[in-house]
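Working notes for the structure below.
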Amino acid sequence: MISIAGREIGPAHPPFVIAEMSGNHGGDLGRALAIVDAVAAAGAHALKLQTYRPDTITVDADGPAFRIGEGHELWGGENLYRLYERAHTPWEWHQPLFERARARGLVPFSSPFDPTAIDLLEKLDAPAYKIASSEIVDLPLIRMAAATGKPLIISTGMATIGEIHAAVEAAREAGCARLAVLACTASYPAAPTESNLRALPLLAGLTGAVVGVSDHTPGIGVPVAAVALGACLIEKHVTLSRADGGVDSAFSLEPAELAALVAESERAWQSLGAPVIGPRPSEREGLRFRRSLYIVRDVRAGEPVTPENVRSIRPAGGLPPAAASAVMGRTFTRDAALGTPLTWDLI
């Protein structure tokens, strides 16, 4: 178990739902604040930003290495610098967004992409840090974030077991005592068939950390399913409306969908229960209405038991239905009325 801003996160607690704003603000602070309000109204627990400038995440170059592949579904052919220029959250917005989030009961934090981002977030008293999938190989960045003493969440999209191990080891060696590791498919959008949720228990065993999912698939089915396999944190991108065409809108949830995720992920967690088989306390009334053998018409002493006068019906109280073959042809020991449960002393 770990805690972030006083909220406990782990198998014994409902899933911690993180709403990722990313670049869906469209360069409009008013829209960004409206997303914060919508996230809070939907019942999510945290708001996550991304803290970078185009110049802190790449350089203004335009060779083939600095362009998204032409076949990419959303950003095909785009120049990295221009994409990040369009998608970044201006640093001067961070304080009003953090303040709005806290006022609405949300836990605000961010993914830093370089040391200057951590410096900014420390000034804002960010309660946690998230390492993005592409930065899992930036061990100096991980060490710097871990050295703050804040909880650290590491996404593992594209990472090998060795890379995950190195990142976790770097975080812990730098002083991270509260660590979460997120399964992630770093494609945008991601196909549910590539989610491999059965790896979640493996990820927990390999890292010894609290686990969750950073999910880029459409809808809420994948993260809800992940809860059954041990996910304690769920991160999803959010937007006010996919029709508005934000940078990440195609794989983002709208507010009503986010509200459904919060409700259904908690319901999924509640359903896990204990590894036991047998009647539940709430089924006691139902047990009264199991089938059993009853006398279904008035009978007299000495009359034979037949399918016409004894049948398996609801409620319980009589002999079990399996006893039917053993009682047929016997005789009644006394008179009995319709609706009398059949017991051994009656035959």
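Convention: chains lettered A, B, ... in structure tokens order; per-chain residue numbering from 1; ligands numbered from 1 as shown.
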
**Prompt:** Residues at most 12 Å from A:Gly26, counting only C-alpha atoms, excluding those fewer than 4 positions away in the same chain, as a VMD selection string?
**Reply:** chain A and resid 21 to 22 30 to 35 83 to 90 239 to 242 244 to 249

Dump of N, CA, C and O atoms for the selected residues, as an mmCIF file, in the first residue's frame:
data_model
loop_
_atom_site.group_PDB
_atom_site.id
_atom_site.type_symbol
_atom_site.label_atom_id
_atom_site.label_comp_id
_atom_site.auth_asym_id
_atom_site.auth_seq_id
_atom_site.Cartn_x
_atom_site.Cartn_y
_atom_site.Cartn_z
ATOM 1 N N MET A 21 -5.113 15.334 -18.085
ATOM 2 C CA MET A 21 -5.572 16.389 -18.979
ATOM 3 C C MET A 21 -4.779 16.396 -20.277
ATOM 4 O O MET A 21 -5.340 16.611 -21.349
ATOM 5 N N SER A 22 -3.466 16.202 -20.193
ATOM 6 C CA SER A 22 -2.587 16.250 -21.350
ATOM 7 C C SER A 22 -2.825 17.542 -22.131
ATOM 8 O O SER A 22 -2.969 18.602 -21.546
ATOM 9 N N GLY A 30 -9.040 28.727 -19.899
ATOM 10 C CA GLY A 30 -10.431 28.583 -19.474
ATOM 11 C C GLY A 30 -10.934 27.164 -19.682
ATOM 12 O O GLY A 30 -11.642 26.602 -18.833
ATOM 13 N N ARG A 31 -10.560 26.591 -20.811
ATOM 14 C CA ARG A 31 -10.961 25.212 -21.085
ATOM 15 C C ARG A 31 -10.245 24.258 -20.119
ATOM 16 O O ARG A 31 -10.837 23.280 -19.648
ATOM 17 N N ALA A 32 -8.992 24.542 -19.827
ATOM 18 C CA ALA A 32 -8.261 23.690 -18.886
ATOM 19 C C ALA A 32 -8.931 23.706 -17.516
ATOM 20 O O ALA A 32 -9.088 22.658 -16.874
ATOM 21 N N LEU A 33 -9.338 24.874 -17.057
ATOM 22 C CA LEU A 33 -10.022 24.970 -15.768
ATOM 23 C C LEU A 33 -11.373 24.256 -15.816
ATOM 24 O O LEU A 33 -11.789 23.635 -14.825
ATOM 25 N N ALA A 34 -12.042 24.341 -16.956
ATOM 26 C CA ALA A 34 -13.322 23.639 -17.101
ATOM 27 C C ALA A 34 -13.125 22.124 -17.041
ATOM 28 O O ALA A 34 -13.972 21.394 -16.504
ATOM 29 N N ILE A 35 -12.003 21.632 -17.576
ATOM 30 C CA ILE A 35 -11.702 20.199 -17.478
ATOM 31 C C ILE A 35 -11.504 19.806 -16.021
ATOM 32 O O ILE A 35 -11.983 18.762 -15.567
ATOM 33 N N LEU A 83 4.350 19.503 -32.475
ATOM 34 C CA LEU A 83 3.332 18.754 -31.723
ATOM 35 C C LEU A 83 3.378 19.125 -30.247
ATOM 36 O O LEU A 83 2.348 19.398 -29.623
ATOM 37 N N TYR A 84 4.586 19.167 -29.683
ATOM 38 C CA TYR A 84 4.703 19.480 -28.259
ATOM 39 C C TYR A 84 4.392 20.942 -27.978
ATOM 40 O O TYR A 84 3.923 21.286 -26.892
ATOM 41 N N GLU A 85 4.653 21.784 -28.951
ATOM 42 C CA GLU A 85 4.299 23.193 -28.806
ATOM 43 C C GLU A 85 2.786 23.342 -28.689
ATOM 44 O O GLU A 85 2.270 24.132 -27.893
ATOM 45 N N ARG A 86 2.081 22.532 -29.477
ATOM 46 C CA ARG A 86 0.611 22.571 -29.465
ATOM 47 C C ARG A 86 0.033 21.899 -28.222
ATOM 48 O O ARG A 86 -1.016 22.308 -27.722
ATOM 49 N N ALA A 87 0.706 20.874 -27.732
ATOM 50 C CA ALA A 87 0.118 20.040 -26.687
ATOM 51 C C ALA A 87 0.534 20.428 -25.272
ATOM 52 O O ALA A 87 -0.137 20.046 -24.318
ATOM 53 N N HIS A 88 1.613 21.204 -25.110
ATOM 54 C CA HIS A 88 2.123 21.408 -23.755
ATOM 55 C C HIS A 88 1.199 22.295 -22.935
ATOM 56 O O HIS A 88 0.405 23.081 -23.475
ATOM 57 N N THR A 89 1.308 22.135 -21.630
ATOM 58 C CA THR A 89 0.572 22.981 -20.689
ATOM 59 C C THR A 89 1.514 24.076 -20.212
ATOM 60 O O THR A 89 2.528 23.782 -19.561
ATOM 61 N N PRO A 90 1.241 25.347 -20.551
ATOM 62 C CA PRO A 90 2.149 26.427 -20.168
ATOM 63 C C PRO A 90 2.453 26.409 -18.667
ATOM 64 O O PRO A 90 1.572 26.150 -17.852
ATOM 65 N N THR A 239 -11.312 14.607 -21.667
ATOM 66 C CA THR A 239 -11.602 15.800 -22.456
ATOM 67 C C THR A 239 -13.043 16.199 -22.198
ATOM 68 O O THR A 239 -13.848 15.386 -21.719
ATOM 69 N N LEU A 240 -13.381 17.450 -22.472
ATOM 70 C CA LEU A 240 -14.780 17.857 -22.332
ATOM 71 C C LEU A 240 -15.640 17.224 -23.410
ATOM 72 O O LEU A 240 -16.790 16.859 -23.175
ATOM 73 N N SER A 241 -15.065 17.105 -24.621
ATOM 74 C CA SER A 241 -15.808 16.500 -25.736
ATOM 75 C C SER A 241 -14.818 16.010 -26.788
ATOM 76 O O SER A 241 -13.971 16.784 -27.233
ATOM 77 N N ARG A 242 -14.937 14.749 -27.165
ATOM 78 C CA ARG A 242 -14.058 14.239 -28.223
ATOM 79 C C ARG A 242 -14.274 14.973 -29.535
ATOM 80 O O ARG A 242 -13.352 15.106 -30.344
ATOM 81 N N ASP A 244 -14.475 17.980 -29.999
ATOM 82 C CA ASP A 244 -13.700 19.230 -30.047
ATOM 83 C C ASP A 244 -12.315 19.026 -30.641
ATOM 84 O O ASP A 244 -11.634 19.996 -30.971
ATOM 85 N N GLY A 245 -11.881 17.785 -30.734
ATOM 86 C CA GLY A 245 -10.647 17.496 -31.436
ATOM 87 C C GLY A 245 -9.368 17.867 -30.723
ATOM 88 O O GLY A 245 -8.413 18.300 -31.354
ATOM 89 N N GLY A 246 -9.292 17.691 -29.423
ATOM 90 C CA GLY A 246 -8.049 17.925 -28.700
ATOM 91 C C GLY A 246 -6.965 16.961 -29.156
ATOM 92 O O GLY A 246 -7.242 15.942 -29.802
ATOM 93 N N VAL A 247 -5.729 17.257 -28.803
ATOM 94 C CA VAL A 247 -4.589 16.464 -29.245
ATOM 95 C C VAL A 247 -4.786 14.980 -28.944
ATOM 96 O O VAL A 247 -4.469 14.113 -29.761
ATOM 97 N N ASP A 248 -5.298 14.688 -27.741
ATOM 98 C CA ASP A 248 -5.480 13.298 -27.312
ATOM 99 C C ASP A 248 -6.940 12.896 -27.244
ATOM 100 O O ASP A 248 -7.286 11.875 -26.641
ATOM 101 N N SER A 249 -7.821 13.684 -27.846
ATOM 102 C CA SER A 249 -9.256 13.469 -27.640
ATOM 103 C C SER A 249 -9.738 12.105 -28.129
ATOM 104 O O SER A 249 -10.666 11.529 -27.567
#

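For A:Pro64, the list of residues within 12 Å, based on only C-alpha atoms and with local chain neighbours fewer than 2 positions off taken out, reads Ala61, Asp62, Phe66, Arg67, Ile68, Gly69, Glu70, Gly77, Glu78, Asn79 and Leu80 of chain A.
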
As a PDB file with all heavy atoms, in the first residue's frame, please: the residues near stretch 278-286 of chain A (cut-off 10 Å, only C-alpha atoms, same-chain neighbours under 2 positions excluded).
ATOM      1  N   VAL A 276     -13.758 -17.568  -1.199  1.00  0.00           N
ATOM      2  CA  VAL A 276     -14.592 -18.554  -0.501  1.00  0.00           C
ATOM      3  C   VAL A 276     -15.766 -18.931  -1.397  1.00  0.00           C
ATOM      4  O   VAL A 276     -16.208 -18.149  -2.241  1.00  0.00           O
ATOM      5  CB  VAL A 276     -15.120 -18.005   0.839  1.00  0.00           C
ATOM      6  CG1 VAL A 276     -13.968 -17.737   1.799  1.00  0.00           C
ATOM      7  CG2 VAL A 276     -15.942 -16.732   0.643  1.00  0.00           C
ATOM      8  N   ARG A 288     -34.466 -20.070   2.046  1.00  0.00           N
ATOM      9  CA  ARG A 288     -35.807 -20.505   2.455  1.00  0.00           C
ATOM     10  C   ARG A 288     -36.667 -20.932   1.281  1.00  0.00           C
ATOM     11  O   ARG A 288     -37.674 -21.626   1.463  1.00  0.00           O
ATOM     12  CB  ARG A 288     -36.530 -19.380   3.205  1.00  0.00           C
ATOM     13  CG  ARG A 288     -35.946 -19.033   4.563  1.00  0.00           C
ATOM     14  CD  ARG A 288     -36.761 -17.946   5.252  1.00  0.00           C
ATOM     15  NE  ARG A 288     -38.173 -18.288   5.260  1.00  0.00           N
ATOM     16  CZ  ARG A 288     -39.131 -17.525   4.730  1.00  0.00           C
ATOM     17  NH1 ARG A 288     -38.828 -16.387   4.128  1.00  0.00           N
ATOM     18  NH2 ARG A 288     -40.396 -17.912   4.787  1.00  0.00           N
ATOM     19  N   PHE A 289     -36.285 -20.510   0.092  1.00  0.00           N
ATOM     20  CA  PHE A 289     -37.127 -20.783  -1.084  1.00  0.00           C
ATOM     21  C   PHE A 289     -36.477 -21.728  -2.073  1.00  0.00           C
ATOM     22  O   PHE A 289     -36.846 -21.775  -3.243  1.00  0.00           O
ATOM     23  CB  PHE A 289     -37.532 -19.457  -1.747  1.00  0.00           C
ATOM     24  CG  PHE A 289     -38.352 -18.613  -0.828  1.00  0.00           C
ATOM     25  CD1 PHE A 289     -37.792 -17.534  -0.162  1.00  0.00           C
ATOM     26  CD2 PHE A 289     -39.680 -18.933  -0.579  1.00  0.00           C
ATOM     27  CE1 PHE A 289     -38.537 -16.779   0.711  1.00  0.00           C
ATOM     28  CE2 PHE A 289     -40.439 -18.178   0.299  1.00  0.00           C
ATOM     29  CZ  PHE A 289     -39.873 -17.098   0.957  1.00  0.00           C
ATOM     30  N   ARG A 290     -35.520 -22.518  -1.571  1.00  0.00           N
ATOM     31  CA  ARG A 290     -35.043 -23.625  -2.383  1.00  0.00           C
ATOM     32  C   ARG A 290     -36.146 -24.669  -2.508  1.00  0.00           C
ATOM     33  O   ARG A 290     -37.065 -24.749  -1.694  1.00  0.00           O
ATOM     34  CB  ARG A 290     -33.819 -24.254  -1.716  1.00  0.00           C
ATOM     35  CG  ARG A 290     -32.518 -23.507  -1.972  1.00  0.00           C
ATOM     36  CD  ARG A 290     -31.381 -24.252  -1.339  1.00  0.00           C
ATOM     37  NE  ARG A 290     -30.101 -23.902  -1.921  1.00  0.00           N
ATOM     38  CZ  ARG A 290     -28.956 -24.452  -1.566  1.00  0.00           C
ATOM     39  NH1 ARG A 290     -28.937 -25.402  -0.629  1.00  0.00           N
ATOM     40  NH2 ARG A 290     -27.838 -24.074  -2.131  1.00  0.00           N
ATOM     41  N   PRO A 315     -41.340 -23.781  -1.147  1.00  0.00           N
ATOM     42  CA  PRO A 315     -40.072 -23.427  -0.518  1.00  0.00           C
ATOM     43  C   PRO A 315     -39.313 -24.648  -0.005  1.00  0.00           C
ATOM     44  O   PRO A 315     -39.671 -25.789  -0.278  1.00  0.00           O
ATOM     45  CB  PRO A 315     -40.532 -22.555   0.649  1.00  0.00           C
ATOM     46  CG  PRO A 315     -41.803 -23.191   1.087  1.00  0.00           C
ATOM     47  CD  PRO A 315     -42.460 -23.657  -0.193  1.00  0.00           C
ATOM     48  N   ALA A 316     -38.249 -24.344   0.803  1.00  0.00           N
ATOM     49  CA  ALA A 316     -37.517 -25.398   1.495  1.00  0.00           C
ATOM     50  C   ALA A 316     -38.335 -25.876   2.701  1.00  0.00           C
ATOM     51  O   ALA A 316     -39.424 -25.360   2.974  1.00  0.00           O
ATOM     52  CB  ALA A 316     -36.154 -24.873   1.944  1.00  0.00           C
TER      53      ALA A 316
END

**Message:** Nearest residue to A:Glu173 out of A:Ala132, A:Ile161, A:Met144, A:Ile2, using only C-alpha atoms?
**Reply:**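 Once distances to A:Glu173 are computed over only C-alpha atoms, the minimum belongs to A:Met144.
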
**Request:** Record the distance separating atom CA of A:Ser271 and atom CA of A:Thr207, expressed in Å with one decimal.
**Result:**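 Atom-to-atom, atom CA of A:Ser271 to atom CA of A:Thr207, that is 25.8 Å.
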
**Request:** Please provide the set of residues having any atom within 9 Å of A:Arg100, restricted to only C-alpha atoms, with same-chain residues fewer than 6 positions apart removed, written as a ChimeraX atom specification.
**Result:** /A:33,36-37,106

For the residues selected in the previous step, produce a file with N, CA, C and O atoms as a PDB file, in the first residue's frame.
ATOM      1  N   LEU A  33      -9.338  24.874 -17.057  1.00  0.00           N
ATOM      2  CA  LEU A  33     -10.022  24.970 -15.768  1.00  0.00           C
ATOM      3  C   LEU A  33     -11.373  24.256 -15.816  1.00  0.00           C
ATOM      4  O   LEU A  33     -11.789  23.635 -14.825  1.00  0.00           O
ATOM      5  N   VAL A  36     -10.797  20.650 -15.257  1.00  0.00           N
ATOM      6  CA  VAL A  36     -10.609  20.377 -13.830  1.00  0.00           C
ATOM      7  C   VAL A  36     -11.966  20.243 -13.144  1.00  0.00           C
ATOM      8  O   VAL A  36     -12.219  19.295 -12.389  1.00  0.00           O
ATOM      9  N   ASP A  37     -12.866  21.181 -13.413  1.00  0.00           N
ATOM     10  CA  ASP A  37     -14.188  21.150 -12.791  1.00  0.00           C
ATOM     11  C   ASP A  37     -14.954  19.885 -13.191  1.00  0.00           C
ATOM     12  O   ASP A  37     -15.623  19.258 -12.363  1.00  0.00           O
ATOM     13  N   LEU A 106      -9.571  17.554  -5.537  1.00  0.00           N
ATOM     14  CA  LEU A 106      -8.728  16.656  -6.319  1.00  0.00           C
ATOM     15  C   LEU A 106      -7.277  16.702  -5.839  1.00  0.00           C
ATOM     16  O   LEU A 106      -6.838  17.694  -5.267  1.00  0.00           O
TER      17      LEU A 106
END

**Request:** Give the strand (DSSP E) residues of stretch 21-114 of chain A, as assigned by DSSP on the backbone, as a PyMOL selection string.
**Result:** chain A and resi 46-51+107-112

Would you output that residue set with C-alpha atoms, as a PDB file, in the first residue's frame?
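Final file, selection_10.pdb:
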ATOM      1  CA  ALA A  46      -6.655  13.069  -9.015  1.00  0.00           C
ATOM      2  CA  LEU A  47      -5.837  15.443 -11.854  1.00  0.00           C
ATOM      3  CA  LYS A  48      -2.575  14.892 -13.696  1.00  0.00           C
ATOM      4  CA  LEU A  49      -0.753  17.337 -15.940  1.00  0.00           C
ATOM      5  CA  GLN A  50       2.356  17.007 -18.079  1.00  0.00           C
ATOM      6  CA  THR A  51       5.103  19.497 -17.294  1.00  0.00           C
ATOM      7  CA  VAL A 107      -5.118  15.589  -5.847  1.00  0.00           C
ATOM      8  CA  PRO A 108      -3.107  17.530  -8.469  1.00  0.00           C
ATOM      9  CA  PHE A 109       0.244  16.245  -9.672  1.00  0.00           C
ATOM     10  CA  SER A 110       2.191  15.932 -12.898  1.00  0.00           C
ATOM     11  CA  SER A 111       4.657  14.100 -15.093  1.00  0.00           C
ATOM     12  CA  PRO A 112       7.945  16.019 -15.174  1.00  0.00           C
TER      13      PRO A 112
END

Per DSSP on the backbone, what are the alpha helix (DSSP H) residues of stretch 94-237 of chain A, as an mmCIF file with N, CA and C atoms, in the first residue's frame?
data_model
loop_
_atom_site.group_PDB
_atom_site.id
_atom_site.type_symbol
_atom_site.label_atom_id
_atom_site.label_comp_id
_atom_site.auth_asym_id
_atom_site.auth_seq_id
_atom_site.Cartn_x
_atom_site.Cartn_y
_atom_site.Cartn_z
ATOM 1 N N HIS A 94 0.201 26.223 -14.341
ATOM 2 C CA HIS A 94 0.241 25.157 -13.338
ATOM 3 C C HIS A 94 -0.333 25.594 -11.987
ATOM 4 N N GLN A 95 0.030 26.774 -11.546
ATOM 5 C CA GLN A 95 -0.457 27.210 -10.235
ATOM 6 C C GLN A 95 -1.978 27.351 -10.216
ATOM 7 N N PRO A 96 -2.603 28.062 -11.168
ATOM 8 C CA PRO A 96 -4.073 28.135 -11.115
ATOM 9 C C PRO A 96 -4.750 26.780 -11.281
ATOM 10 N N LEU A 97 -4.147 25.889 -12.063
ATOM 11 C CA LEU A 97 -4.747 24.560 -12.219
ATOM 12 C C LEU A 97 -4.622 23.749 -10.932
ATOM 13 N N PHE A 98 -3.466 23.814 -10.280
ATOM 14 C CA PHE A 98 -3.295 23.132 -8.993
ATOM 15 C C PHE A 98 -4.272 23.698 -7.962
ATOM 16 N N GLU A 99 -4.395 25.028 -7.938
ATOM 17 C CA GLU A 99 -5.285 25.647 -6.959
ATOM 18 C C GLU A 99 -6.738 25.257 -7.204
ATOM 19 N N ARG A 100 -7.151 25.261 -8.470
ATOM 20 C CA ARG A 100 -8.538 24.875 -8.782
ATOM 21 C C ARG A 100 -8.770 23.403 -8.408
ATOM 22 N N ALA A 101 -7.816 22.562 -8.733
ATOM 23 C CA ALA A 101 -7.965 21.139 -8.425
ATOM 24 C C ALA A 101 -8.099 20.923 -6.917
ATOM 25 N N ARG A 102 -7.233 21.557 -6.148
ATOM 26 C CA ARG A 102 -7.296 21.382 -4.694
ATOM 27 C C ARG A 102 -8.603 21.927 -4.136
ATOM 28 N N ALA A 103 -9.065 23.046 -4.679
ATOM 29 C CA ALA A 103 -10.326 23.614 -4.209
ATOM 30 C C ALA A 103 -11.499 22.692 -4.497
ATOM 31 N N PRO A 115 14.679 18.154 -15.291
ATOM 32 C CA PRO A 115 14.886 18.678 -13.932
ATOM 33 C C PRO A 115 14.184 20.000 -13.664
ATOM 34 N N THR A 116 14.086 20.880 -14.668
ATOM 35 C CA THR A 116 13.429 22.163 -14.418
ATOM 36 C C THR A 116 11.947 21.972 -14.122
ATOM 37 N N ALA A 117 11.346 20.932 -14.691
ATOM 38 C CA ALA A 117 9.945 20.638 -14.403
ATOM 39 C C ALA A 117 9.787 20.208 -12.943
ATOM 40 N N ILE A 118 10.712 19.394 -12.447
ATOM 41 C CA ILE A 118 10.648 18.991 -11.040
ATOM 42 C C ILE A 118 10.808 20.207 -10.140
ATOM 43 N N ASP A 119 11.697 21.113 -10.508
ATOM 44 C CA ASP A 119 11.876 22.341 -9.721
ATOM 45 C C ASP A 119 10.558 23.116 -9.629
ATOM 46 N N LEU A 120 9.883 23.261 -10.748
ATOM 47 C CA LEU A 120 8.606 23.974 -10.761
ATOM 48 C C LEU A 120 7.579 23.261 -9.883
ATOM 49 N N LEU A 121 7.476 21.965 -10.052
ATOM 50 C CA LEU A 121 6.466 21.198 -9.321
ATOM 51 C C LEU A 121 6.749 21.165 -7.832
ATOM 52 N N GLU A 122 8.013 21.180 -7.452
ATOM 53 C CA GLU A 122 8.346 21.247 -6.027
ATOM 54 C C GLU A 122 7.865 22.571 -5.431
ATOM 55 N N LYS A 123 7.967 23.652 -6.194
ATOM 56 C CA LYS A 123 7.485 24.944 -5.700
ATOM 57 C C LYS A 123 5.971 24.936 -5.515
ATOM 58 N N LEU A 139 17.055 7.331 -16.226
ATOM 59 C CA LEU A 139 17.288 7.022 -14.818
ATOM 60 C C LEU A 139 17.681 8.240 -13.991
ATOM 61 N N PRO A 140 18.465 9.185 -14.541
ATOM 62 C CA PRO A 140 18.743 10.397 -13.749
ATOM 63 C C PRO A 140 17.465 11.164 -13.387
ATOM 64 N N LEU A 141 16.516 11.255 -14.313
ATOM 65 C CA LEU A 141 15.251 11.937 -14.028
ATOM 66 C C LEU A 141 14.491 11.187 -12.934
ATOM 67 N N ILE A 142 14.459 9.855 -13.019
ATOM 68 C CA ILE A 142 13.777 9.048 -12.008
ATOM 69 C C ILE A 142 14.420 9.261 -10.639
ATOM 70 N N ARG A 143 15.739 9.274 -10.600
ATOM 71 C CA ARG A 143 16.424 9.468 -9.319
ATOM 72 C C ARG A 143 16.106 10.841 -8.724
ATOM 73 N N MET A 144 16.059 11.846 -9.590
ATOM 74 C CA MET A 144 15.780 13.192 -9.084
ATOM 75 C C MET A 144 14.358 13.274 -8.525
ATOM 76 N N ALA A 145 13.392 12.692 -9.236
ATOM 77 C CA ALA A 145 12.011 12.696 -8.742
ATOM 78 C C ALA A 145 11.911 11.909 -7.440
ATOM 79 N N ALA A 146 12.575 10.764 -7.386
ATOM 80 C CA ALA A 146 12.526 9.932 -6.180
ATOM 81 C C ALA A 146 13.168 10.628 -4.995
ATOM 82 N N ALA A 147 14.218 11.419 -5.247
ATOM 83 C CA ALA A 147 14.945 12.081 -4.167
ATOM 84 C C ALA A 147 14.106 13.141 -3.460
ATOM 85 N N ILE A 161 11.472 -6.163 -19.162
ATOM 86 C CA ILE A 161 11.617 -6.470 -17.745
ATOM 87 C C ILE A 161 12.884 -5.828 -17.199
ATOM 88 N N GLY A 162 13.960 -5.879 -17.978
ATOM 89 C CA GLY A 162 15.212 -5.281 -17.529
ATOM 90 C C GLY A 162 15.095 -3.784 -17.316
ATOM 91 N N GLU A 163 14.405 -3.100 -18.223
ATOM 92 C CA GLU A 163 14.235 -1.654 -18.090
ATOM 93 C C GLU A 163 13.363 -1.307 -16.887
ATOM 94 N N ILE A 164 12.321 -2.109 -16.678
ATOM 95 C CA ILE A 164 11.462 -1.882 -15.508
ATOM 96 C C ILE A 164 12.266 -2.078 -14.228
ATOM 97 N N HIS A 165 13.044 -3.155 -14.183
ATOM 98 C CA HIS A 165 13.866 -3.422 -13.007
ATOM 99 C C HIS A 165 14.836 -2.273 -12.744
ATOM 100 N N ALA A 166 15.482 -1.776 -13.788
ATOM 101 C CA ALA A 166 16.450 -0.686 -13.621
ATOM 102 C C ALA A 166 15.768 0.575 -13.101
ATOM 103 N N ALA A 167 14.564 0.882 -13.610
ATOM 104 C CA ALA A 167 13.844 2.076 -13.167
ATOM 105 C C ALA A 167 13.418 1.948 -11.712
ATOM 106 N N VAL A 168 12.887 0.794 -11.354
ATOM 107 C CA VAL A 168 12.445 0.565 -9.972
ATOM 108 C C VAL A 168 13.635 0.624 -9.024
ATOM 109 N N GLU A 169 14.736 0.012 -9.426
ATOM 110 C CA GLU A 169 15.946 0.016 -8.592
ATOM 111 C C GLU A 169 16.473 1.438 -8.428
ATOM 112 N N ALA A 170 16.489 2.224 -9.506
ATOM 113 C CA ALA A 170 16.954 3.609 -9.425
ATOM 114 C C ALA A 170 16.078 4.419 -8.479
ATOM 115 N N ALA A 171 14.757 4.225 -8.567
ATOM 116 C CA ALA A 171 13.831 4.964 -7.697
ATOM 117 C C ALA A 171 14.079 4.621 -6.235
ATOM 118 N N ARG A 172 14.203 3.339 -5.957
ATOM 119 C CA ARG A 172 14.365 2.930 -4.558
ATOM 120 C C ARG A 172 15.724 3.338 -4.002
ATOM 121 N N GLU A 173 16.751 3.233 -4.811
ATOM 122 C CA GLU A 173 18.085 3.632 -4.346
ATOM 123 C C GLU A 173 18.151 5.128 -4.060
ATOM 124 N N LEU A 200 -0.537 -8.169 -15.099
ATOM 125 C CA LEU A 200 -0.552 -7.330 -13.901
ATOM 126 C C LEU A 200 -0.040 -8.062 -12.657
ATOM 127 N N PRO A 201 -0.507 -9.288 -12.357
ATOM 128 C CA PRO A 201 0.059 -9.979 -11.190
ATOM 129 C C PRO A 201 1.558 -10.228 -11.346
ATOM 130 N N LEU A 202 2.009 -10.485 -12.577
ATOM 131 C CA LEU A 202 3.441 -10.669 -12.829
ATOM 132 C C LEU A 202 4.201 -9.384 -12.532
ATOM 133 N N LEU A 203 3.652 -8.247 -12.979
ATOM 134 C CA LEU A 203 4.291 -6.951 -12.734
ATOM 135 C C LEU A 203 4.384 -6.675 -11.236
ATOM 136 N N ALA A 204 3.334 -7.015 -10.496
ATOM 137 C CA ALA A 204 3.353 -6.818 -9.046
ATOM 138 C C ALA A 204 4.422 -7.691 -8.399
ATOM 139 N N GLY A 205 4.519 -8.937 -8.849
ATOM 140 C CA GLY A 205 5.505 -9.837 -8.282
ATOM 141 C C GLY A 205 6.931 -9.436 -8.607
ATOM 142 N N LEU A 206 7.141 -8.947 -9.811
ATOM 143 C CA LEU A 206 8.495 -8.566 -10.229
ATOM 144 C C LEU A 206 8.996 -7.311 -9.519
ATOM 145 N N THR A 207 8.093 -6.378 -9.254
ATOM 146 C CA THR A 207 8.509 -5.080 -8.719
ATOM 147 C C THR A 207 8.274 -4.943 -7.218
ATOM 148 N N GLY A 221 -13.899 -0.473 -20.439
ATOM 149 C CA GLY A 221 -13.876 -1.915 -20.211
ATOM 150 C C GLY A 221 -12.536 -2.423 -19.746
ATOM 151 N N VAL A 222 -11.453 -1.945 -20.361
ATOM 152 C CA VAL A 222 -10.118 -2.443 -20.009
ATOM 153 C C VAL A 222 -9.750 -2.089 -18.566
ATOM 154 N N PRO A 223 -9.868 -0.825 -18.134
ATOM 155 C CA PRO A 223 -9.497 -0.542 -16.741
ATOM 156 C C PRO A 223 -10.387 -1.221 -15.711
ATOM 157 N N VAL A 224 -11.672 -1.380 -16.014
ATOM 158 C CA VAL A 224 -12.544 -2.085 -15.071
ATOM 159 C C VAL A 224 -12.096 -3.538 -14.945
ATOM 160 N N ALA A 225 -11.768 -4.164 -16.076
ATOM 161 C CA ALA A 225 -11.267 -5.542 -16.032
ATOM 162 C C ALA A 225 -9.954 -5.616 -15.269
ATOM 163 N N ALA A 226 -9.130 -4.582 -15.395
ATOM 164 C CA ALA A 226 -7.823 -4.581 -14.729
ATOM 165 C C ALA A 226 -7.961 -4.639 -13.214
ATOM 166 N N VAL A 227 -9.036 -4.083 -12.688
ATOM 167 C CA VAL A 227 -9.242 -4.107 -11.240
ATOM 168 C C VAL A 227 -9.303 -5.548 -10.735
ATOM 169 N N ALA A 228 -9.922 -6.427 -11.506
ATOM 170 C CA ALA A 228 -10.023 -7.829 -11.102
ATOM 171 C C ALA A 228 -8.667 -8.515 -11.063
#

**Request:** Please provide the set of residues having any atom within 9 Å of stretch 301-314 of chain A, restricted to only C-alpha atoms, with same-chain residues fewer than 5 positions apart removed, written as a list in words.
**Result:**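 Near neighbours after the sequence-gap exclusion: Arg288, Phe289, Arg290, Arg291, Ser292, Leu293, Tyr294, Ile295, Val296, Pro320, Pro321, Ala324, Val327, Met328, Gly329, Arg330, Thr331, Phe332, Thr333, Arg334, Asp335, Ala336, Leu338, Leu342, Leu346 and Ile347 of chain A.
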
**Request:** Go through A:Asp345, A:Asp298, A:Asp215, A:Glu135 and flag the residue nearest A:Ser252, using only C-alpha atoms for the distances.
**Result:** A:Asp215

**Request:** Counting only C-alpha atoms, figure out which residue out of A:Pro218, A:Leu233, A:Val137, A:Thr148 gets nearest to A:Leu182.
**Result:**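 With only C-alpha atoms as the atom set, the closest residue is A:Leu233.
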
**Item:** Distance of atom CA of A:Lys130 from atom CA of A:Asn196, expressed in Å to one decimal place
**Value:** 21.6 Å
